[in-house]
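Novice: This one is input00.cif, mmCIF, C-alpha atoms and all ligand atoms.
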```cif
data_query
loop_
_atom_site.label_atom_id
_atom_site.label_comp_id
_atom_site.auth_asym_id
_atom_site.auth_seq_id
_atom_site.Cartn_x
_atom_site.Cartn_y
_atom_site.Cartn_z
CA MET A 114 0.00 0.00 0.00
CA SER A 115 1.37 3.43 -0.93
CA TRP A 116 2.05 6.12 1.68
CA HIS A 117 -0.76 8.30 0.20
CA LEU A 118 -3.22 5.46 0.38
CA ILE A 119 -2.41 4.84 4.06
CA VAL A 120 -2.78 8.56 4.91
CA ASN A 121 -6.10 8.78 3.03
CA SER A 122 -7.47 5.62 4.67
CA ARG A 123 -6.63 6.98 8.11
CA ARG A 124 -8.24 10.35 7.26
CA ILE A 125 -11.43 8.63 6.04
CA TYR A 126 -11.50 6.45 9.17
CA PHE A 127 -11.14 9.43 11.54
CA GLU A 128 -13.78 11.42 9.60
CA PHE A 129 -16.13 8.44 9.91
CA VAL A 130 -15.56 8.19 13.70
CA SER A 131 -16.01 11.93 14.11
CA ASN A 132 -19.28 11.96 12.09
CA TYR A 133 -20.55 8.95 14.00
CA ARG A 134 -19.92 10.68 17.32
CA GLU A 135 -21.65 13.86 16.19
CA GLU A 136 -24.68 11.91 15.00
CA LYS A 137 -24.92 10.01 18.31
CA LEU A 138 -24.61 13.29 20.18
CA ARG A 139 -27.57 14.72 18.25
CA GLN A 140 -29.58 11.61 19.11
CA VAL A 141 -28.83 11.56 22.81
CA GLU A 142 -28.81 15.11 24.17
CA THR A 143 -28.93 18.68 23.00
CA PRO A 144 -25.46 20.24 22.78
CA GLU A 145 -26.99 23.55 23.89
CA GLY A 146 -27.86 21.98 27.22
CA ARG A 147 -24.34 20.59 27.54
CA GLY A 148 -22.75 23.99 26.87
CA LEU A 149 -24.94 25.74 29.43
CA GLN A 150 -24.10 23.03 31.94
CA LYS A 151 -20.55 24.35 32.17
CA ASP A 152 -21.30 27.73 33.64
CA SER A 153 -24.86 27.99 34.94
CA ILE A 154 -26.37 27.15 38.31
CA VAL A 155 -29.54 26.04 36.51
CA TYR A 156 -29.71 24.97 32.86
CA GLY A 157 -31.89 23.12 30.40
CA PRO A 158 -34.22 21.53 29.70
CA VAL A 159 -31.79 18.85 28.53
CA LYS A 160 -33.36 15.90 26.74
CA SER A 161 -31.93 12.42 27.05
CA ARG A 162 -33.11 8.95 26.17
CA ARG A 163 -32.40 7.79 29.69
CA PHE A 164 -34.05 10.45 31.84
CA GLY A 165 -36.40 12.34 29.51
CA ALA A 166 -36.50 16.12 29.94
CA THR A 167 -34.41 17.36 32.85
CA ILE A 168 -33.60 20.73 34.35
CA GLY A 169 -30.00 20.56 35.53
CA ILE A 170 -28.81 22.13 38.76
CA SER A 171 -25.13 22.63 39.46
CA LEU A 172 -24.04 23.20 43.05
CA ILE A 173 -20.36 22.89 42.15
CA PRO A 174 -18.01 25.25 40.28
CA LEU A 175 -16.42 24.10 37.01
CA LYS A 176 -14.68 21.62 37.43
CA VAL A 177 -14.40 20.59 41.08
CA CYS A 178 -14.47 16.80 41.10
CA SER A 179 -13.28 13.70 42.92
CA PHE A 180 -12.21 12.22 39.54
CA ASP A 181 -10.40 13.41 36.43
CA CYS A 182 -11.87 10.88 34.00
CA VAL A 183 -10.18 10.37 30.64
CA PHE A 184 -13.62 10.48 28.98
CA CYS A 185 -14.89 13.62 30.76
CA GLU A 186 -17.39 15.26 28.46
CA LEU A 187 -16.89 18.67 30.03
CA GLY A 188 -13.77 18.75 27.88
CA ILE A 189 -11.31 20.09 30.46
CA HIS A 190 -9.23 18.54 33.22
CA THR A 191 -10.39 18.70 36.81
CA THR A 192 -9.27 22.00 38.32
CA GLN A 193 -9.72 20.89 41.93
CA LEU A 194 -9.33 17.16 42.57
CA THR A 195 -10.88 16.68 45.99
CA ILE A 196 -13.16 14.61 48.21
CA GLU A 197 -13.79 17.48 50.61
CA ARG A 198 -17.44 18.51 50.82
CA LYS A 199 -18.02 22.27 50.90
CA HIS A 200 -20.68 24.95 50.47
CA TYR A 201 -20.32 26.63 47.09
CA VAL A 202 -23.80 27.86 46.10
CA GLU A 203 -26.60 29.10 48.36
CA ILE A 204 -29.91 27.18 48.24
CA GLU A 205 -31.84 30.48 47.99
CA ASP A 206 -29.86 31.40 44.86
CA VAL A 207 -30.76 28.08 43.21
CA LEU A 208 -34.46 28.50 44.03
CA GLU A 209 -34.41 32.08 42.77
CA VAL A 210 -32.89 31.11 39.39
CA LEU A 211 -35.15 28.07 39.11
CA ARG A 212 -38.27 30.27 39.39
CA GLY A 213 -37.45 31.66 35.93
CA PHE A 214 -37.50 28.24 34.24
CA PRO A 215 -40.58 26.78 32.54
CA LEU A 216 -41.12 23.39 34.20
CA ASP A 217 -44.02 22.01 32.15
CA GLY A 218 -43.19 18.52 30.86
CA VAL A 219 -39.99 18.25 32.91
CA ASP A 220 -39.36 14.68 34.14
CA TYR A 221 -36.61 15.38 36.66
CA LEU A 222 -34.80 18.18 38.48
CA ALA A 223 -31.29 16.79 38.14
CA LEU A 224 -28.34 17.59 40.39
CA SER A 225 -25.36 17.20 38.14
CA GLY A 226 -23.55 20.04 36.39
CA ALA A 227 -19.97 21.01 36.00
CA GLY A 228 -18.49 18.88 38.76
CA GLU A 229 -19.43 16.13 41.22
CA PRO A 230 -22.71 17.10 42.98
CA THR A 231 -22.12 15.09 46.16
CA LEU A 232 -19.17 17.38 46.95
CA ALA A 233 -21.72 20.11 47.75
CA ALA A 234 -22.16 19.99 51.52
CA ASN A 235 -25.70 21.36 51.14
CA MET A 236 -26.89 18.74 48.62
CA GLY A 237 -29.33 17.15 51.09
CA GLN A 238 -30.73 20.57 52.05
CA LEU A 239 -31.32 21.39 48.40
CA ILE A 240 -33.15 18.09 47.80
CA ASP A 241 -35.43 18.90 50.78
CA ALA A 242 -36.02 22.43 49.48
CA LEU A 243 -36.86 21.16 45.97
CA HIS A 244 -39.31 18.63 47.39
CA GLU A 245 -41.02 21.40 49.38
CA SER A 246 -41.32 23.69 46.35
CA TYR A 247 -41.97 21.38 43.36
CA PRO A 248 -43.89 18.17 42.58
CA ILE A 249 -41.12 17.10 40.16
CA PRO A 250 -38.90 14.16 41.19
CA VAL A 251 -35.28 14.90 42.05
CA LEU A 252 -32.48 12.94 40.39
CA VAL A 253 -28.80 12.96 41.42
CA LEU A 254 -26.14 12.00 38.87
CA SER A 255 -23.02 11.02 40.81
CA ASN A 256 -19.68 9.45 39.99
CA GLY A 257 -19.98 7.35 43.17
CA ALA A 258 -16.57 8.31 44.58
CA THR A 259 -18.00 9.65 47.85
CA ILE A 260 -20.62 6.92 48.35
CA TYR A 261 -18.48 5.42 51.14
CA MET A 262 -19.28 8.51 53.27
CA PRO A 263 -22.30 7.99 55.58
CA ASP A 264 -23.44 11.64 55.22
CA VAL A 265 -23.45 11.34 51.41
CA ARG A 266 -25.50 8.13 51.59
CA PHE A 267 -27.96 9.75 54.00
CA GLU A 268 -28.47 12.75 51.69
CA LEU A 269 -28.64 10.70 48.48
CA ALA A 270 -31.37 8.56 50.04
CA LYS A 271 -33.64 11.64 49.96
CA ALA A 272 -33.53 11.76 46.14
CA ASP A 273 -36.27 10.10 44.09
CA ALA A 274 -33.71 8.68 41.67
CA VAL A 275 -29.94 8.25 41.80
CA LYS A 276 -27.53 7.36 39.04
CA LEU A 277 -24.14 6.08 40.18
CA THR A 278 -21.34 5.58 37.69
CA PHE A 279 -19.11 2.61 38.48
CA SER A 280 -17.16 1.24 35.56
CA THR A 281 -14.78 -1.42 36.82
CA LEU A 282 -13.84 -3.54 39.82
CA ASP A 283 -10.24 -3.72 38.59
CA GLU A 284 -8.05 -1.29 40.57
CA THR A 285 -5.60 -0.62 37.73
CA ALA A 286 -8.33 0.09 35.19
CA PHE A 287 -10.17 2.21 37.79
CA ARG A 288 -7.09 4.41 38.27
CA LEU A 289 -6.47 4.74 34.52
CA LEU A 290 -10.08 5.51 33.69
CA ASN A 291 -11.13 7.78 36.55
CA GLN A 292 -7.82 9.17 37.85
CA PRO A 293 -9.36 9.53 41.33
CA ALA A 294 -8.46 11.80 44.25
CA ALA A 295 -6.07 10.24 46.78
CA GLY A 296 -7.63 7.50 48.89
CA ILE A 297 -10.43 6.52 46.48
CA THR A 298 -10.22 2.93 45.29
CA ALA A 299 -12.57 0.70 43.32
CA GLN A 300 -13.03 -1.48 46.42
CA LYS A 301 -13.99 1.53 48.56
CA VAL A 302 -16.58 2.63 45.98
CA ALA A 303 -17.92 -0.94 45.65
CA ASP A 304 -18.34 -1.19 49.45
CA GLY A 305 -20.16 2.16 49.52
CA ILE A 306 -22.46 1.10 46.67
CA GLU A 307 -23.29 -2.12 48.50
CA GLU A 308 -24.18 -0.18 51.66
CA PHE A 309 -26.27 2.42 49.81
CA ALA A 310 -27.97 0.26 47.19
CA SER A 311 -29.06 -2.40 49.68
CA ALA A 312 -31.19 0.15 51.55
CA TYR A 313 -32.18 2.71 48.88
CA ARG A 314 -35.91 2.87 48.13
CA GLY A 315 -35.85 5.20 45.10
CA ARG A 316 -35.16 4.46 41.46
CA LEU A 317 -31.56 3.35 41.07
CA TYR A 318 -29.59 3.62 37.86
CA PHE A 319 -26.04 2.45 37.36
CA GLU A 320 -23.75 3.52 34.55
CA VAL A 321 -20.70 1.63 33.32
CA VAL A 322 -18.51 3.75 31.03
CA VAL A 323 -16.37 1.62 28.73
CA VAL A 324 -13.21 2.91 27.09
CA LYS A 325 -11.35 0.89 24.52
CA GLY A 326 -8.08 -0.51 25.82
CA ILE A 327 -8.89 0.21 29.50
CA ASN A 328 -12.04 -1.62 30.62
CA ASP A 329 -13.92 -2.62 27.45
CA SER A 330 -13.41 -6.40 27.45
CA GLU A 331 -16.58 -8.47 27.82
CA GLU A 332 -15.08 -10.23 30.84
CA MET A 333 -14.30 -6.99 32.68
CA VAL A 334 -17.69 -5.46 31.95
CA ARG A 335 -19.44 -8.69 32.94
CA ASP A 336 -17.68 -8.63 36.35
CA VAL A 337 -18.94 -5.16 37.19
CA VAL A 338 -22.42 -5.76 35.72
CA GLU A 339 -22.74 -8.94 37.81
CA PHE A 340 -21.85 -6.96 40.92
CA LEU A 341 -24.29 -4.12 40.15
CA ALA A 342 -27.15 -6.45 39.15
CA ARG A 343 -27.22 -7.84 42.70
CA PHE A 344 -28.97 -4.64 43.83
CA ASN A 345 -31.91 -4.95 41.38
CA PRO A 346 -31.40 -1.54 39.78
CA TYR A 347 -33.90 -0.01 37.38
CA ALA A 348 -31.17 0.04 34.72
CA ILE A 349 -27.50 -0.66 34.18
CA ASP A 350 -26.40 1.49 31.28
CA ILE A 351 -23.26 0.51 29.41
CA ASN A 352 -22.17 3.82 28.05
CA ARG A 353 -19.62 4.19 25.28
CA PRO A 354 -18.35 7.80 25.41
CA ILE A 355 -19.48 9.47 22.22
CA ARG A 356 -18.61 13.10 22.82
CA PRO A 357 -15.06 14.32 22.38
CA GLY A 358 -13.87 14.59 25.99
CA VAL A 359 -10.54 15.42 27.62
CA ALA A 360 -8.87 12.57 25.75
CA THR A 361 -9.96 13.11 22.16
CA HIS A 362 -8.21 9.92 21.03
CA ILE A 363 -10.77 7.66 22.75
CA GLU A 364 -12.19 4.99 20.46
CA LEU A 365 -15.68 3.50 20.76
CA PRO A 366 -15.79 -0.19 21.68
CA ASP A 367 -18.09 -2.25 19.45
CA LYS A 368 -21.63 -2.48 20.78
CA GLU A 369 -21.84 -6.15 19.80
CA ILE A 370 -19.25 -7.13 22.45
CA TYR A 371 -21.95 -6.65 25.10
CA SER A 372 -24.94 -8.31 23.39
CA ALA A 373 -24.72 -11.41 25.60
CA LEU A 374 -24.81 -9.22 28.72
CA GLN A 375 -28.08 -7.75 27.54
CA SER A 376 -29.58 -11.24 27.31
CA ASP A 377 -28.15 -12.36 30.67
CA PHE A 378 -29.07 -9.23 32.64
CA PRO A 379 -32.47 -7.65 31.83
CA ALA A 380 -31.48 -4.31 33.39
CA VAL A 381 -28.62 -3.80 30.90
CA ARG A 382 -29.03 -1.15 28.22
CA ILE A 383 -26.28 -0.27 25.78
CA PHE A 384 -25.66 3.27 24.53
S1 LIG A 401 -16.75 12.30 37.38
FE1 LIG A 401 -17.87 13.33 35.76
S2 LIG A 401 -17.29 15.52 35.95
FE2 LIG A 401 -15.81 14.34 37.13
S3 LIG A 401 -14.12 13.99 35.71
FE3 LIG A 401 -15.47 12.19 35.60
S4 LIG A 401 -16.86 12.60 33.91
FE4 LIG A 401 -15.90 14.58 34.46
#
```
Let me see whether you can do it: turn the structure in this file into structure tokens.
Ligand code: SF4

Specialist:
Amino acid sequence: MSWHLIVNSRRIYFEFVSNYREEKLRQVETPEGRGLQKDSIVYGPVKSRRFGATIGISLIPLKVCSFDCVFCELGIHTTQLTIERKHYVEIEDVLEVLRGFPLDGVDYLALSGAGEPTLAANMGQLIDALHESYPIPVLVLSNGATIYMPDVRFELAKADAVKLTFSTLDETAFRLLNQPAAGITAQKVADGIEEFASAYRGRLYFEVVVVKGINDSEEMVRDVVEFLARFNPYAIDINRPIRPGVATHIELPDKEIYSALQSDFPAVRIF
């Protein structure tokens, strides 16, 4: 094969991957919602196949997080890698901004945003305040890193729905994928999930993010899905990162690798 042919084939391949990602992005969520997520306390509505129409609430500045994931869709590295819970945004300010949002047809008020929501020390207070003011269920989208903390579990239990991301039981893959704050291990997160999920009465979602070359093998994904399925979640979503994130070189694993998991575990959905 000539040098030109090789270069052209690679260009065509990368254009194909890039177009595929853009198309999937259009199908899954509105990019407008994603952009607003970076710098607003309240943003949306954001539409997704998993949660319907959500109004996002961010109690955390961009990008304070307990992880610095290679696939992070916010597109920048974590500025403050921490597991310390702090007050960043006043509850009254959230409620004030929220009053300006049309809430007809909204399925969830979702605590997510530009960092990890459980790092907000007033997360539980906000959930109480939202329940007092609105009939809309509250959803928390968390990376699960702080789930070993009793106060986080207590506050998360107030939410009507919780999505915890946990992508591998393998410590090496966990470090490569999530680049966690000091002291966070896959085992610690797994223990916290066990404690929380065994007692939680709301709707529980799990997410497993698979990245080619790190945790995408069927065997590795099966291990974590088997663990998560023990808690009878509403869904276990195997999520292949489709947006260009911090690491733009990430390749999508083939969907077909996980077909058997879908048959073996009814809660599994593949995105
Ligand atoms: S946990 Fe979420 S916000 Fe934090 S680095 Fe990972 S993907 Fe980004």

Novice: Using Å and a single decimal, report how far atom CA of His244 of chain A sits from atom CA of Tyr221 of chain A.

Specialist: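 Atom-to-atom, atom CA of Tyr221 of chain A to atom CA of His244 of chain A, that is 11.5 Å.
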
Novice: Just the residues within 9 Å of Ala270 of chain A, please, counting all atoms listed in the file, with nothing from its chain fewer than 5 positions along; format it as a list in words.

Specialist: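 So, after excluding close chain neighbours, the residues are Gly237, Val265, Val275, Phe309, Ala312, Tyr313, Arg314 and Gly315 of chain A.
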
Novice: Quick one: residues within 9 Å of segment 229-233 of chain A, all atoms listed in the file counted, chain neighbours fewer than 3 positions away excluded, as a PyMOL selection string?

Specialist: chain A and resi 170-173+176-180+195-202+224-226+236-237+253-260+265+268-269

Novice: Atom CA of Tyr247 of chain A and atom CA of Leu175 of chain A, how far apart in Å?

Specialist: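 Computing the Euclidean distance for atom CA of Leu175 of chain A and atom CA of Tyr247 of chain A yields 26.5 Å.
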
Novice: Under the rule that all atoms listed in the file are counted, which of A:Phe164, A:Val159, A:Glu209, A:Lys325 is the nearest residue to Leu252 of chain A?

Specialist: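 Nearest to Leu252 of chain A: A:Phe164.
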
Novice: Using only C-alpha atoms and all ligand atoms for the distances, tell me which of A:Ala242, A:Ile168, A:Leu289, A:Val334 is nearest to ligand LIG 401 (chain A).

Specialist: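 Distance minimum relative to ligand LIG 401 (chain A) lands on A:Leu289.
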
Novice: Just to confirm, what's the straight-line distance from atom CA of Leu243 of chain A to atom CA of Arg163 of chain A in Å (one decimal)?

Specialist: 21.5 Å

Novice: Let me make sure I understand: among A:Leu317, A:Ala342, A:Ile327, A:Met262, which one has the smallest atom-to-atom distance to Leu365 of chain A if we use only C-alpha atoms?

Specialist: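 Going through A:Leu317, A:Ala342, A:Ile327, A:Met262 one by one, the smallest distance to Leu365 of chain A is for A:Ile327.
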
Novice: Just checking: using only C-alpha atoms and all ligand atoms, which residue out of A:Ser330, A:Thr167, A:Asn345, A:Ser280 ends up closest to ligand LIG 401 (chain A)?

Specialist: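 Looking only at the distances to ligand LIG 401 (chain A), the closest residue turns out to be A:Ser280.
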
Novice: Would you mind putting N, CA and C atoms back on segment 214-240 of chain A and writing the result as a PDB file, in the frame of the given file?

Specialist:
```pdb
ATOM      1  N   PHE A 214     -37.512  29.317  35.250  1.00  0.00           N
ATOM      2  CA  PHE A 214     -37.500  28.240  34.240  1.00  0.00           C
ATOM      3  C   PHE A 214     -38.890  27.644  34.044  1.00  0.00           C
ATOM      4  N   PRO A 215     -39.297  27.450  32.771  1.00  0.00           N
ATOM      5  CA  PRO A 215     -40.580  26.780  32.540  1.00  0.00           C
ATOM      6  C   PRO A 215     -40.422  25.290  32.873  1.00  0.00           C
ATOM      7  N   LEU A 216     -41.304  24.771  33.728  1.00  0.00           N
ATOM      8  CA  LEU A 216     -41.120  23.390  34.200  1.00  0.00           C
ATOM      9  C   LEU A 216     -42.163  22.415  33.655  1.00  0.00           C
ATOM     10  N   ASP A 217     -43.020  22.901  32.742  1.00  0.00           N
ATOM     11  CA  ASP A 217     -44.020  22.010  32.150  1.00  0.00           C
ATOM     12  C   ASP A 217     -43.333  20.874  31.383  1.00  0.00           C
ATOM     13  N   GLY A 218     -43.739  19.659  31.615  1.00  0.00           N
ATOM     14  CA  GLY A 218     -43.190  18.520  30.860  1.00  0.00           C
ATOM     15  C   GLY A 218     -41.818  18.077  31.328  1.00  0.00           C
ATOM     16  N   VAL A 219     -41.324  18.644  32.420  1.00  0.00           N
ATOM     17  CA  VAL A 219     -39.990  18.250  32.910  1.00  0.00           C
ATOM     18  C   VAL A 219     -40.116  16.965  33.738  1.00  0.00           C
ATOM     19  N   ASP A 220     -39.285  15.979  33.448  1.00  0.00           N
ATOM     20  CA  ASP A 220     -39.360  14.680  34.140  1.00  0.00           C
ATOM     21  C   ASP A 220     -38.570  14.666  35.445  1.00  0.00           C
ATOM     22  N   TYR A 221     -37.452  15.382  35.458  1.00  0.00           N
ATOM     23  CA  TYR A 221     -36.610  15.380  36.660  1.00  0.00           C
ATOM     24  C   TYR A 221     -35.951  16.756  36.864  1.00  0.00           C
ATOM     25  N   LEU A 222     -35.758  17.120  38.130  1.00  0.00           N
ATOM     26  CA  LEU A 222     -34.800  18.180  38.480  1.00  0.00           C
ATOM     27  C   LEU A 222     -33.524  17.416  38.814  1.00  0.00           C
ATOM     28  N   ALA A 223     -32.474  17.650  38.041  1.00  0.00           N
ATOM     29  CA  ALA A 223     -31.290  16.790  38.140  1.00  0.00           C
ATOM     30  C   ALA A 223     -30.091  17.533  38.708  1.00  0.00           C
ATOM     31  N   LEU A 224     -29.564  17.018  39.821  1.00  0.00           N
ATOM     32  CA  LEU A 224     -28.340  17.590  40.390  1.00  0.00           C
ATOM     33  C   LEU A 224     -27.164  16.947  39.677  1.00  0.00           C
ATOM     34  N   SER A 225     -26.507  17.737  38.871  1.00  0.00           N
ATOM     35  CA  SER A 225     -25.360  17.200  38.140  1.00  0.00           C
ATOM     36  C   SER A 225     -24.400  18.360  37.910  1.00  0.00           C
ATOM     37  N   GLY A 226     -24.281  18.810  36.659  1.00  0.00           N
ATOM     38  CA  GLY A 226     -23.550  20.040  36.390  1.00  0.00           C
ATOM     39  C   GLY A 226     -22.095  19.867  36.073  1.00  0.00           C
ATOM     40  N   ALA A 227     -21.334  20.879  36.469  1.00  0.00           N
ATOM     41  CA  ALA A 227     -19.970  21.010  36.000  1.00  0.00           C
ATOM     42  C   ALA A 227     -18.933  20.367  36.906  1.00  0.00           C
ATOM     43  N   GLY A 228     -19.402  19.581  37.856  1.00  0.00           N
ATOM     44  CA  GLY A 228     -18.490  18.880  38.760  1.00  0.00           C
ATOM     45  C   GLY A 228     -19.280  17.772  39.437  1.00  0.00           C
ATOM     46  N   GLU A 229     -18.749  17.242  40.545  1.00  0.00           N
ATOM     47  CA  GLU A 229     -19.430  16.130  41.220  1.00  0.00           C
ATOM     48  C   GLU A 229     -20.404  16.682  42.274  1.00  0.00           C
ATOM     49  N   PRO A 230     -21.717  16.457  42.101  1.00  0.00           N
ATOM     50  CA  PRO A 230     -22.710  17.100  42.980  1.00  0.00           C
ATOM     51  C   PRO A 230     -22.634  16.708  44.453  1.00  0.00           C
ATOM     52  N   THR A 231     -22.151  15.479  44.746  1.00  0.00           N
ATOM     53  CA  THR A 231     -22.120  15.090  46.160  1.00  0.00           C
ATOM     54  C   THR A 231     -21.033  15.834  46.945  1.00  0.00           C
ATOM     55  N   LEU A 232     -20.180  16.585  46.241  1.00  0.00           N
ATOM     56  CA  LEU A 232     -19.170  17.380  46.950  1.00  0.00           C
ATOM     57  C   LEU A 232     -19.783  18.668  47.524  1.00  0.00           C
ATOM     58  N   ALA A 233     -21.024  18.951  47.170  1.00  0.00           N
ATOM     59  CA  ALA A 233     -21.720  20.110  47.750  1.00  0.00           C
ATOM     60  C   ALA A 233     -22.242  19.700  49.127  1.00  0.00           C
ATOM     61  N   ALA A 234     -21.777  20.366  50.161  1.00  0.00           N
ATOM     62  CA  ALA A 234     -22.160  19.990  51.520  1.00  0.00           C
ATOM     63  C   ALA A 234     -23.640  20.249  51.784  1.00  0.00           C
ATOM     64  N   ASN A 235     -24.270  21.082  50.941  1.00  0.00           N
ATOM     65  CA  ASN A 235     -25.700  21.360  51.140  1.00  0.00           C
ATOM     66  C   ASN A 235     -26.592  20.600  50.145  1.00  0.00           C
ATOM     67  N   MET A 236     -26.095  19.509  49.585  1.00  0.00           N
ATOM     68  CA  MET A 236     -26.890  18.740  48.620  1.00  0.00           C
ATOM     69  C   MET A 236     -28.197  18.242  49.242  1.00  0.00           C
ATOM     70  N   GLY A 237     -28.126  17.677  50.432  1.00  0.00           N
ATOM     71  CA  GLY A 237     -29.330  17.150  51.090  1.00  0.00           C
ATOM     72  C   GLY A 237     -30.338  18.256  51.357  1.00  0.00           C
ATOM     73  N   GLN A 238     -29.838  19.426  51.791  1.00  0.00           N
ATOM     74  CA  GLN A 238     -30.730  20.570  52.050  1.00  0.00           C
ATOM     75  C   GLN A 238     -31.436  20.997  50.780  1.00  0.00           C
ATOM     76  N   LEU A 239     -30.701  20.994  49.667  1.00  0.00           N
ATOM     77  CA  LEU A 239     -31.320  21.390  48.400  1.00  0.00           C
ATOM     78  C   LEU A 239     -32.405  20.384  47.994  1.00  0.00           C
ATOM     79  N   ILE A 240     -32.142  19.099  48.174  1.00  0.00           N
ATOM     80  CA  ILE A 240     -33.150  18.090  47.800  1.00  0.00           C
ATOM     81  C   ILE A 240     -34.426  18.335  48.623  1.00  0.00           C
TER      82      ILE A 240
END
```
